[in-house]
Each structure stands twice: as structure tokens, then as C-alpha cells.
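Have a look at query36.txt below; it lists compact mmCIF, C-alpha atoms.
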# COMPACT_ATOMS: atom_id res chain seq x y z
CA MET A 1 21.16 205.20 8.64
CA ALA A 2 24.22 204.63 10.83
CA ILE A 3 24.35 205.87 14.42
CA HIS A 4 27.59 205.25 16.29
CA PRO A 5 27.04 203.39 19.58
CA THR A 6 28.61 206.23 21.57
CA ALA A 7 26.29 208.86 20.08
CA ILE A 8 23.26 210.01 22.08
CA VAL A 9 20.13 210.48 19.98
CA SER A 10 17.20 211.55 22.12
CA ASN A 11 13.75 210.09 21.81
CA GLY A 12 11.69 212.30 19.53
CA ALA A 13 14.56 213.23 17.21
CA VAL A 14 13.80 212.57 13.55
CA ILE A 15 16.76 211.23 11.59
CA GLY A 16 16.51 210.83 7.81
CA SER A 17 17.55 207.85 5.76
CA ASP A 18 21.22 207.41 4.81
CA THR A 19 22.17 209.81 7.62
CA ASP A 20 25.27 209.16 9.73
CA ILE A 21 25.67 210.25 13.35
CA GLY A 22 29.29 210.02 14.47
CA PRO A 23 30.93 209.12 17.77
CA TYR A 24 29.99 211.10 20.89
CA SER A 25 27.59 213.40 19.06
CA ILE A 26 24.46 214.51 20.91
CA ILE A 27 21.14 215.04 19.15
CA GLY A 28 18.29 216.68 21.09
CA PRO A 29 14.67 215.51 21.19
CA ASN A 30 13.29 218.25 18.91
CA VAL A 31 15.87 217.94 16.15
CA HIS A 32 15.00 216.95 12.57
CA ILE A 33 17.88 215.90 10.27
CA GLY A 34 17.27 215.31 6.56
CA ASP A 35 18.27 212.42 4.34
CA GLY A 36 21.90 211.89 3.48
CA THR A 37 23.33 214.27 6.07
CA ARG A 38 26.58 213.33 7.78
CA VAL A 39 27.12 214.40 11.38
CA MET A 40 30.72 213.73 12.41
CA SER A 41 32.05 213.15 15.94
CA HIS A 42 31.46 215.40 18.98
CA VAL A 43 28.71 217.50 17.37
CA VAL A 44 25.90 218.95 19.50
CA ILE A 45 22.55 219.66 17.81
CA ASP A 46 19.85 220.81 20.19
CA GLY A 47 16.72 222.94 20.46
CA TYR A 48 14.01 223.09 17.82
CA THR A 49 16.46 222.62 14.97
CA THR A 50 15.82 221.42 11.43
CA ILE A 51 18.70 220.47 9.14
CA GLY A 52 18.09 219.64 5.48
CA LYS A 53 19.41 216.99 3.14
CA SER A 54 23.00 216.16 2.21
CA CYS A 55 24.72 218.42 4.73
CA THR A 56 28.11 217.67 6.27
CA ILE A 57 28.69 218.79 9.85
CA PHE A 58 32.25 218.57 11.14
CA PRO A 59 33.46 217.82 14.69
CA PHE A 60 32.66 220.12 17.61
CA ALA A 61 30.02 222.19 15.81
CA SER A 62 27.20 223.40 18.08
CA LEU A 63 23.87 224.01 16.37
CA GLY A 64 20.54 225.14 17.76
CA THR A 65 21.65 225.86 21.30
CA GLN A 66 20.21 228.72 23.34
CA THR A 67 20.99 232.25 22.24
CA GLN A 68 23.71 234.21 24.00
CA ASP A 69 21.40 237.24 24.01
CA LEU A 70 20.85 238.36 27.62
CA LYS A 71 17.29 239.36 26.72
CA PHE A 72 16.27 235.72 26.36
CA ARG A 73 13.33 234.99 28.64
CA GLY A 74 12.43 231.49 27.50
CA GLY A 75 9.94 230.27 24.93
CA LYS A 76 10.16 228.15 21.82
CA THR A 77 12.76 229.41 19.34
CA PHE A 78 14.03 227.75 16.18
CA VAL A 79 16.95 227.11 13.87
CA GLU A 80 16.35 226.17 10.22
CA ILE A 81 19.28 225.02 8.08
CA GLY A 82 18.78 224.08 4.42
CA ASP A 83 20.30 221.46 2.13
CA ARG A 84 23.84 220.74 0.91
CA ASN A 85 25.59 222.86 3.53
CA THR A 86 29.10 222.30 4.82
CA ILE A 87 29.48 223.32 8.45
CA ARG A 88 33.07 223.05 9.63
CA GLU A 89 34.71 222.59 13.02
CA TYR A 90 33.58 224.67 16.02
CA VAL A 91 30.88 226.53 14.12
CA THR A 92 28.14 227.88 16.40
CA ILE A 93 24.64 228.63 15.13
CA ASN A 94 22.41 229.89 17.95
CA SER A 95 18.65 229.79 18.24
CA ALA A 96 16.59 232.99 18.23
CA THR A 97 15.74 235.11 21.27
CA ASN A 98 11.99 235.73 21.22
CA ASP A 99 9.28 233.10 21.33
CA GLY A 100 8.44 231.92 17.80
CA GLU A 101 11.46 233.53 16.12
CA LYS A 102 14.04 231.58 14.13
CA THR A 103 17.60 231.69 12.93
CA VAL A 104 17.84 230.67 9.26
CA VAL A 105 20.67 229.40 7.07
CA GLY A 106 19.85 228.67 3.42
CA SER A 107 21.22 225.96 1.14
CA GLY A 108 24.59 225.41 -0.50
CA CYS A 109 26.52 227.38 2.12
CA HIS A 110 30.11 226.77 3.15
CA ILE A 111 30.60 227.86 6.76
CA CYS A 112 34.22 227.45 7.78
CA ALA A 113 35.79 226.75 11.17
CA TYR A 114 34.99 228.94 14.17
CA CYS A 115 32.28 230.97 12.42
CA HIS A 116 29.37 232.24 14.50
CA VAL A 117 25.77 232.86 13.41
CA ALA A 118 23.92 234.58 16.25
CA HIS A 119 20.24 234.77 17.17
CA ALA A 120 17.62 235.56 14.52
CA CYS A 121 20.15 235.90 11.69
CA VAL A 122 18.99 235.10 8.16
CA VAL A 123 21.72 233.75 5.88
CA GLY A 124 20.85 233.19 2.22
CA ASN A 125 21.91 230.53 -0.28
CA ASP A 126 25.44 229.82 -1.56
CA VAL A 127 27.08 231.97 1.10
CA ILE A 128 30.73 231.42 2.03
CA MET A 129 31.84 232.38 5.53
CA SER A 130 35.60 232.03 5.88
CA ASN A 131 37.24 231.01 9.16
CA GLY A 132 36.20 233.08 12.15
CA ALA A 133 33.60 235.22 10.36
CA THR A 134 31.05 236.41 12.91
CA LEU A 135 27.46 237.60 12.61
CA ALA A 136 25.85 239.42 15.52
CA GLY A 137 22.13 239.10 16.17
CA HIS A 138 19.47 239.90 13.55
CA VAL A 139 21.98 240.18 10.68
CA LYS A 140 20.67 239.44 7.17
CA VAL A 141 23.08 238.05 4.58
CA GLU A 142 21.72 237.74 1.05
CA ASP A 143 22.60 235.07 -1.51
CA MET A 144 26.10 234.40 -2.87
CA VAL A 145 27.97 236.59 -0.38
CA VAL A 146 31.63 235.82 0.38
CA MET A 147 32.87 236.80 3.84
CA GLY A 148 36.58 236.90 4.58
CA GLY A 149 38.23 235.42 7.64
CA LEU A 150 37.72 237.12 11.02
CA CYS A 151 35.31 239.73 9.67
CA ALA A 152 32.52 240.85 12.01
CA VAL A 153 29.06 242.19 11.17
CA HIS A 154 27.23 244.40 13.68
CA GLN A 155 23.73 243.50 14.82
CA PHE A 156 20.83 244.43 12.53
CA CYS A 157 23.14 245.07 9.56
CA ARG A 158 22.45 243.65 6.10
CA VAL A 159 24.95 242.28 3.60
CA GLY A 160 23.74 242.56 0.03
CA LYS A 161 23.63 239.93 -2.67
CA LEU A 162 26.90 238.85 -4.31
CA SER A 163 29.00 241.23 -2.24
CA MET A 164 32.41 240.36 -0.81
CA ILE A 165 33.69 241.34 2.62
CA GLY A 166 37.45 241.36 3.12
CA GLY A 167 39.21 239.59 5.95
CA MET A 168 39.18 241.30 9.37
CA THR A 169 36.66 243.87 8.16
CA ARG A 170 34.31 245.55 10.66
CA VAL A 171 30.83 246.05 9.18
CA VAL A 172 28.63 248.48 11.14
CA GLN A 173 26.30 249.61 8.32
CA ASP A 174 24.60 247.89 5.41
CA CYS A 175 26.83 246.57 2.62
CA PRO A 176 25.18 247.22 -0.76
CA PRO A 177 24.76 244.35 -3.23
CA PHE A 178 27.52 243.52 -5.75
CA MET A 179 30.18 245.54 -3.89
CA ILE A 180 33.55 244.74 -2.29
CA VAL A 181 33.90 246.02 1.28
CA GLU A 182 37.16 246.04 3.22
CA GLY A 183 38.82 247.71 6.19
CA ASN A 184 38.34 248.95 9.73
CA PRO A 185 36.46 251.22 9.48
CA SER A 186 35.01 249.54 6.43
CA ASP A 187 34.99 251.13 3.00
CA VAL A 188 33.44 250.17 -0.34
CA ARG A 189 36.37 249.49 -2.66
CA GLY A 190 34.39 248.94 -5.87
CA PRO A 191 32.09 246.51 -7.67
CA ASN A 192 32.60 242.77 -7.14
CA THR A 193 33.56 242.27 -10.78
CA ILE A 194 35.11 238.84 -10.31
CA GLY A 195 32.07 237.63 -8.38
CA LEU A 196 29.76 238.84 -11.14
CA LYS A 197 31.85 237.03 -13.76
CA ARG A 198 31.86 233.82 -11.72
CA ARG A 199 28.06 234.00 -11.55
CA ASN A 200 27.92 234.42 -15.33
CA ALA A 201 26.66 238.01 -15.35
CA ASP A 202 27.04 239.28 -18.91
CA GLU A 203 29.17 242.30 -19.77
CA HIS A 204 26.14 244.56 -20.04
CA ILE A 205 25.09 243.79 -16.45
CA GLN A 206 28.64 244.29 -15.22
CA LYS A 207 28.80 247.66 -16.97
CA LEU A 208 25.52 248.80 -15.40
CA ILE A 209 26.70 247.78 -11.89
CA LYS A 210 29.96 249.68 -12.41
CA GLU A 211 28.03 252.76 -13.53
CA ALA A 212 25.69 252.54 -10.53
CA TYR A 213 28.75 252.34 -8.27
CA ARG A 214 30.31 255.37 -9.98
CA ILE A 215 27.18 257.47 -9.55
CA LEU A 216 26.73 256.53 -5.89
CA TYR A 217 30.35 256.56 -4.74
CA ARG A 218 32.29 258.76 -7.15
CA SER A 219 29.98 261.72 -7.63
CA ASP A 220 29.28 264.62 -5.30
CA LEU A 221 25.63 263.62 -4.98
CA SER A 222 23.83 262.66 -1.80
CA THR A 223 22.56 259.10 -1.57
CA THR A 224 19.02 260.22 -2.44
CA GLN A 225 20.22 262.25 -5.42
CA ALA A 226 22.44 259.40 -6.62
CA LEU A 227 19.59 256.91 -6.51
CA GLU A 228 17.35 259.30 -8.45
CA ARG A 229 20.04 259.64 -11.10
CA ILE A 230 20.57 255.86 -11.30
CA VAL A 231 16.85 255.30 -11.83
CA LYS A 232 16.70 258.06 -14.43
CA GLU A 233 19.80 257.22 -16.43
CA LEU A 234 20.40 253.45 -16.15
CA GLU A 235 18.48 250.53 -17.54
CA MET A 236 16.47 249.00 -14.70
CA VAL A 237 17.60 245.41 -15.09
CA PRO A 238 16.86 243.21 -12.03
CA GLU A 239 20.38 243.70 -10.63
CA VAL A 240 20.13 247.50 -10.72
CA GLU A 241 16.59 247.39 -9.34
CA HIS A 242 17.81 245.29 -6.42
CA PHE A 243 20.74 247.63 -5.83
CA VAL A 244 18.42 250.64 -5.63
CA ALA A 245 15.75 248.91 -3.54
CA PHE A 246 18.32 247.60 -1.05
CA ILE A 247 19.73 251.07 -0.42
CA LYS A 248 16.30 252.71 -0.19
CA SER A 249 15.21 250.18 2.44
CA SER A 250 18.33 250.59 4.60
CA GLU A 251 17.62 251.50 8.20
CA ARG A 252 21.21 251.69 9.45
CA GLY A 253 22.51 253.48 6.36
CA ILE A 254 24.97 252.08 3.84
CA ILE A 255 28.75 251.94 3.94
CA LYS A 256 30.07 254.99 2.07

Now, as a test, write the supplied structure out as C-alpha cells.
Amino acid sequence: MAIHPTAIVSNGAVIGSDTDIGPYSIIGPNVHIGDGTRVMSHVVIDGYTTIGKSCTIFPFASLGTQTQDLKFRGGKTFVEIGDRNTIREYVTINSATNDGEKTVVGSGCHICAYCHVAHACVVGNDVIMSNGATLAGHVKVEDMVVMGGLCAVHQFCRVGKLSMIGGMTRVVQDCPPFMIVEGNPSDVRGPNTIGLKRRNADEHIQKLIKEAYRILYRSDLSTTQALERIVKELEMVPEVEHFVAFIKSSERGIIK
């Protein structure tokens, strides 16, 4: 463990082995940082924040600080960040609003400069947030999502597994899994074929996702009718099951 002499590490903070704390960084008293994590210069980590193993946190990131939500009335709120994450310059990850709630970021994520993860968001594993991507409060981002630069997701929206959001896109409803979404207002452009290939989905799975997209977005059926047809006509592999379940559970409605 190497802590630069200009860094301030509060009493009570738990710092793992082989962890570096760079110049002028500030670590609060309720922070836990896992083994092998590198905190560069001028980073602030505060609140009840847990960071996993082998993360790299670049200068001027601010993690675990109080929510910007005006409804905050005090209490103990949390941030949990997993392993092997890269958190670039000026990223802000805020704590939750209500007592006992937490903001969660999974493992293997790449969060680029100036991104914002607001209160009570849940970000899955292997997510890429390009520069300036912004999540409002209570957003849920599933695994393996790619978010383009300067895109913004409205509060309480969900972004489905292995979807891709184009740069400068405004997301105000749920983005179904395995889809590409782009524009302002946003529109589903088609299946994320390249993403599926990169994640080694076989041709049969890709074909089923394309057919599910065609039924939902290229027929004259309502969402309910389209889902009934998908269940009736397509093989219910896990990917199609997740696609159907995600849409059925949507509270804000899906992008159409």
C-alpha cells in the first residue's frame, strides 16, 4: 500500500493491500477500498462508499458524495462499486437519497470522463459509458450496455441488456434489451447485431432477436399483441425470454 504524503485518509477508512492513493486525494472515514485499486491525484471518495478490487480511478473523480436530489433529508446512504472498473476524470457517482438506499455500479465497467451516475442508480457489469453520458436518479442499466457520448437517461428509466445508445440521445422511456437506440426524440433503429456478435451470440440467437424486433417494431400489432405473437411463434431461448419479460415489466413504457 502506498499513500502519498499529501493525501488525506481519514481514520476509519479501510484501504486494501497493494492499493495506491495519489497526491491530494481525500478519502472519508466510512470508505472501504479493495486490494489493488489505484486512486490517482485529486480524487474525493466520501460517504459510506465501498470500492472493489483492481479499480483505477483517475484525477478529479468524486465518488460517494451527497446526492443532488433536493428531497434528501439526511440518513445513511451508500455507494457500492465492484471490481476492475475504470473511472475516468471528473466522473461523479452520487450516494442515494433515502436512508438505507444505495447507488450501485457493477464490475468491469468503463466510465469515461465527465459521466454522471445519480442517486439510487443501478449499473450492471461490463457497461461502457462514453464521455459525458448522464444517468438521472433511479435509472437501471443492465449488463453489457454501451452508452454514447453526451447521452442522457431520464429518471426511473431502464436500459436493457446488451443495448447500445447513440451519442447525444435523449432516453425518456425504457430501452429494450439487444436494441440500438438513437436520436432526440429517441428511436429504436434495430437489433444490436454487432454487440451480439462481439458477445459470441450464435447465428440462431441473432436470428431470433431480429425476428422479435421485426414483430414488435415492424408489424401493425400493439405491444401486447406483439409479445403474445413472439411467445407463440419464437423459440423461448433465454435472450428472447429476457426481451419479453423486460417489456412486460416496463412501467414507463418502451421506446417505439

Quick one: 3 Å padding each side, axis-aligned, all listed atoms of segment 60-64 of chain A - centre and edge lengths in Å to one decimal, as lines of an AutoDock Vina configuration file?
center_x = 26.6
center_y = 222.6
center_z = 16.9
size_x = 18.1
size_y = 11.0
size_z = 8.3

Checklist outcome for this item: In Å and to one decimal, atom CA of Ser41 of chain A is distant from atom CA of Lys53 of chain A by 18.4 Å

Using only C-alpha atoms, which residues sit within 12 Å of segment 234-247 of chain A once same-chain residues fewer than 6 positions away are excluded, as a compact mmCIF listing (two decimals) with C-alpha atoms, keeping the file's coordinate frame?
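Done, and the output landed in out16.txt:
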# COMPACT_ATOMS: atom_id res chain seq x y z
CA LYS A 140 20.67 239.44 7.17
CA GLU A 142 21.72 237.74 1.05
CA CYS A 157 23.14 245.07 9.56
CA ARG A 158 22.45 243.65 6.10
CA VAL A 159 24.95 242.28 3.60
CA GLY A 160 23.74 242.56 0.03
CA LYS A 161 23.63 239.93 -2.67
CA LEU A 162 26.90 238.85 -4.31
CA SER A 163 29.00 241.23 -2.24
CA GLN A 173 26.30 249.61 8.32
CA ASP A 174 24.60 247.89 5.41
CA CYS A 175 26.83 246.57 2.62
CA PRO A 176 25.18 247.22 -0.76
CA PRO A 177 24.76 244.35 -3.23
CA PHE A 178 27.52 243.52 -5.75
CA MET A 179 30.18 245.54 -3.89
CA PRO A 191 32.09 246.51 -7.67
CA LEU A 196 29.76 238.84 -11.14
CA ALA A 201 26.66 238.01 -15.35
CA ASP A 202 27.04 239.28 -18.91
CA HIS A 204 26.14 244.56 -20.04
CA ILE A 205 25.09 243.79 -16.45
CA GLN A 206 28.64 244.29 -15.22
CA LYS A 207 28.80 247.66 -16.97
CA LEU A 208 25.52 248.80 -15.40
CA ILE A 209 26.70 247.78 -11.89
CA LYS A 210 29.96 249.68 -12.41
CA GLU A 211 28.03 252.76 -13.53
CA ALA A 212 25.69 252.54 -10.53
CA TYR A 213 28.75 252.34 -8.27
CA ARG A 214 30.31 255.37 -9.98
CA ILE A 215 27.18 257.47 -9.55
CA LEU A 216 26.73 256.53 -5.89
CA THR A 223 22.56 259.10 -1.57
CA THR A 224 19.02 260.22 -2.44
CA GLN A 225 20.22 262.25 -5.42
CA ALA A 226 22.44 259.40 -6.62
CA LEU A 227 19.59 256.91 -6.51
CA GLU A 228 17.35 259.30 -8.45
CA GLY A 253 22.51 253.48 6.36
CA ILE A 254 24.97 252.08 3.84
CA ILE A 255 28.75 251.94 3.94
CA LYS A 256 30.07 254.99 2.07

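What separates atom CA of Gly28 of chain A from atom CA of Gly124 of chain A is a distance of 25.2 Å.
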
Next on the checklist: For Val122 of chain A, find every residue with an atom within 7 Å (counting only C-alpha atoms), except residues of its own chain fewer than 5 positions away, and show them as a list of chain:residue names.
Outcome noted: A:Thr103, A:Val104, A:Val105, A:Val139, A:Lys140, A:Val141

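Take the candidates A:Glu203, A:Glu80, A:Asp69, A:Asp220 and check each one against Val31 of chain A using all atoms listed in the file; the shortest distance goes to A:Glu80.
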
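Between Val171 of chain A and the candidates A:Thr134, A:Asn30, A:Asn200, A:Gln68, the tightest atom-to-atom separation, counting only C-alpha atoms, involves A:Thr134.
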
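The interatomic distance for the pair atom CA of Leu63 of chain A and atom CA of Gly195 of chain A works out to 29.4 Å.
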
Next on the checklist: Report as number ranges by chain all protein, DNA and RNA residues lying within 7 Å of segment 7-21 of chain A, evaluated on all atoms listed in the file, omitting residues in the same chain fewer than 2 positions from it.
Outcome noted: A: 1-5, 23-40
